[in-house]
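Enquirer: I have a structure I would like to understand better, so I am pasting it below and will then ask my questions one at a time.
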Amino acid sequence: MSKPCKVGFLLYPDFSLLGLSSALEVLRAVNQATGQCVYESAVIAESTVTSNLGLSIEPSQSALEFMDVVILVASKTGVQIPSAALSEASVLGGIGKGANLLASAGLLDGYRARLEGAADALQELYPRVVLSQTTFELDRNRMTCGAGTAAMDMTLSLVAREQGGYLAASVSELLVRDRLGGLGTSSFVAPPVRKQQPQIEEATQLMAANIEEPLGADELASLVGISRRQLERLFRKYLDTVPSRHYLKLRLECARKLLRETDRPIVDVGVACGFSNASHFSTAYKNHFDLTPREERQS
């Protein structure tokens with residue numbers, strides 16, 4: 001068995017407790033699903049630190065040492081971070097304002113990143129950072145997200161990239177996610193595809209893990225580790241479709257499940273499945289299932 005990946009969470013006062021617990025839960029679930037210690041987590045702070053909910057956390061260690069991944073969790077900027085020690089980690093991440101702290105130290109220059117704050121002000125403060133409007137970003141060896149459950153999505157995507165999409169989907173299935181009442185979009189797991197085609201399998205599971213905020217075609221191919229054209233060829237050869245159509249099918253199947261098993265408003269279901277426009281959602285649903293979302297709900 002290979003050595004576990006050591007993940008350190010560097011906490012600052014008023015950190016997002018939900019963000020921290022969401023990321024930790026994914027790592028715990030990976031170990032549970034595999035029956036091995038794939039990830040070893042550590043909570044790092046100089047002393048006892050209090051979360052945004054008033055809960056105090058005792059750190060497991062006070063300094064950064066021998067961490068493969070370091071994730072800053074903060075709700076404020078203007079604090080000092082150990083830039084030199086951070087540069088020794090293979091992957092750096094930020095939850096909430098933890099991402100802004102990385103940007104302030106120049107550690108996100110040239111990367112796509114999800115930062116907290118108004119876009120215009122952020123662009124002026126961090127002109128070398130490519131700002132993202134998505135809930136999280138995983139760009140090479142940098143990962144950033146907003147506070148809260150976005151940390152779960154970000155960590156799941158890291159697992160998909162490092163350990164494979166199939167494991168990430170299994171972990172997603174283990175986790176209880178409640179984005180839409182009793183059923184969340186992130187609990188939707190794509191059907192397994194041919195095991196002998198790992199790139200298709202991984203792409204499909206990445207799609208299933210990113211239903212609410214669909215990945216772009218180039219981003220999806222990059223996460224799988226091949227070009228967009230190569231990914232399209234594989235989908236045509238083995239699934240007789242293209243990635244965009246397969247992705248749309250997964251989103252619509254997830255929407256159908258939500259319409260049948262929850263009482264949430266139809267417009268909320270559409271947004272949860274990546275449709276920002278109600279008309280587009282209704283048209284796509286009608287084309288695929290031969291009935292509108294409203295008719296589905298009434299049937």
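Within each chain, counting starts at residue 1; across the structure tokens, chains are named A, B, ... in the order shown, with ligands numbered 1 upward in that order.
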Can you tell me which residues surround segment 139-147 of chain A at a distance of at most 6 Å, considering only C-alpha atoms, apart from same-chain residues fewer than 4 positions away, and format the answer as a list in words?
Expert: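 Returned residues: Gly19, Val91, Leu92, Gly93, Gly94, Ile95, Gly96, Ala99, Ala113, Arg114 and Thr135 of chain A.
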Enquirer: Which residues in segment 120-275 of chain A does DSSP call strand (DSSP E or B)? List them as a list in words.
Expert: Val130, Leu131, Phe136, Glu137, Leu138, Asp139, Arg142, Met143, Thr144 and Cys145 of chain A
Enquirer: Show me, as a tab-separated table, the residues of segment 31-140 of chain A having an atom within 7 Å of segment 5-13 of chain A, each with the closest atom pair and its distance in Å, using only C-alpha atoms.
Expert:
```
residue	atom	partner	partner_atom	distance
A:Val38	CA	A:Cys5	CA	6.2
A:Tyr39	CA	A:Cys5	CA	4.8
A:Glu40	CA	A:Lys6	CA	4.8
A:Ser41	CA	A:Val7	CA	4.8
A:Ala42	CA	A:Gly8	CA	4.7
A:Val43	CA	A:Phe9	CA	5.0
A:Ile44	CA	A:Leu10	CA	4.7
A:Ala45	CA	A:Leu11	CA	5.6
A:Val49	CA	A:Pro13	CA	5.7
A:Thr50	CA	A:Pro13	CA	5.5
A:Ser51	CA	A:Pro13	CA	6.2
A:Met67	CA	A:Lys6	CA	5.2
A:Asp68	CA	A:Lys6	CA	5.2
A:Val69	CA	A:Val7	CA	4.6
A:Val70	CA	A:Gly8	CA	4.7
A:Ile71	CA	A:Phe9	CA	4.9
A:Leu72	CA	A:Leu10	CA	4.8
A:Val73	CA	A:Leu11	CA	5.1
A:Ala74	CA	A:Tyr12	CA	5.1
```
Enquirer: Could you tell me, as number ranges by chain, which residues of segment 75-259 of chain A DSSP assigns to alpha helix (DSSP H) when given the backbone?
Expert: A: 83-86, 97-104, 119-125, 150-163, 165-174, 198-209, 217-224, 228-239, 243-259
Enquirer: Neighbours of Ala33 of chain A within 9 Å (only C-alpha atoms; same-chain residues fewer than 6 positions away dropped), as a list in words?
Expert: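 Listed by chain and then number, they are Leu167, Ser170, Val171 and Leu174 of chain A.
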Enquirer: Using only C-alpha atoms, pick whichever of A:Pro214, A:Pro293, A:Gly106, A:Gly225 has the shortest atom-to-atom distance to Arg161 of chain A.
Expert: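 Once distances to Arg161 of chain A are computed over only C-alpha atoms, the minimum belongs to A:Gly225.
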Enquirer: Any idea what the distance is between atom CA of Leu175 of chain A and atom CA of Leu252 of chain A?
Expert: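 It comes out at 21.7 Å.
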Enquirer: Mind checking which residues fall within 10 Å of Ser244 of chain A, counting only C-alpha atoms, ignoring those fewer than 3 positions away in the same chain, and posting them as an NGL selection string?
Expert: :A and (207 or 215-217 or 232 or 235 or 241 or 247-250)
Enquirer: Out of A:Glu219, A:Tyr126, A:Asn210, A:Leu64, which residue has the shortest atom-to-atom distance to Asp153 of chain A when counting only C-alpha atoms?
Expert: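 Nearest candidate to Asp153 of chain A out of A:Glu219, A:Tyr126, A:Asn210, A:Leu64: A:Asn210.
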Enquirer: Which polymer residues have any atom within 12 Å of an atom of Leu122 of chain A, counting only C-alpha atoms, with same-chain residues fewer than 3 positions away left out, as a PyMOL selection string?
Expert: chain A and resi 97+99-100+103-104+113-119+125-133
Enquirer: What is the distance, in Å and to one decimal place, between atom CA of Glu46 of chain A and atom CA of Ser62 of chain A?
Expert: 4.6 Å
Enquirer: For atom CA of Leu206 of chain A and atom CA of Ser157 of chain A, determine how far apart the two atoms are, in Å to one decimal place.
Expert: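 Value for the atom CA of Leu206 of chain A-atom CA of Ser157 of chain A distance: 7.2 Å.
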Enquirer: Using only C-alpha atoms, pick whichever of A:Thr149, A:Gln163, A:Thr204, A:Gln123 has the shortest atom-to-atom distance to Leu17 of chain A.
Expert: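 Going through A:Thr149, A:Gln163, A:Thr204, A:Gln123 one by one, the smallest distance to Leu17 of chain A is for A:Thr149.
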Enquirer: Please provide the set of residues having any atom within 10 Å of segment 294-299 of chain A, restricted to only C-alpha atoms, with same-chain residues fewer than 5 positions apart removed, written as a count of residues only.
Expert: 13
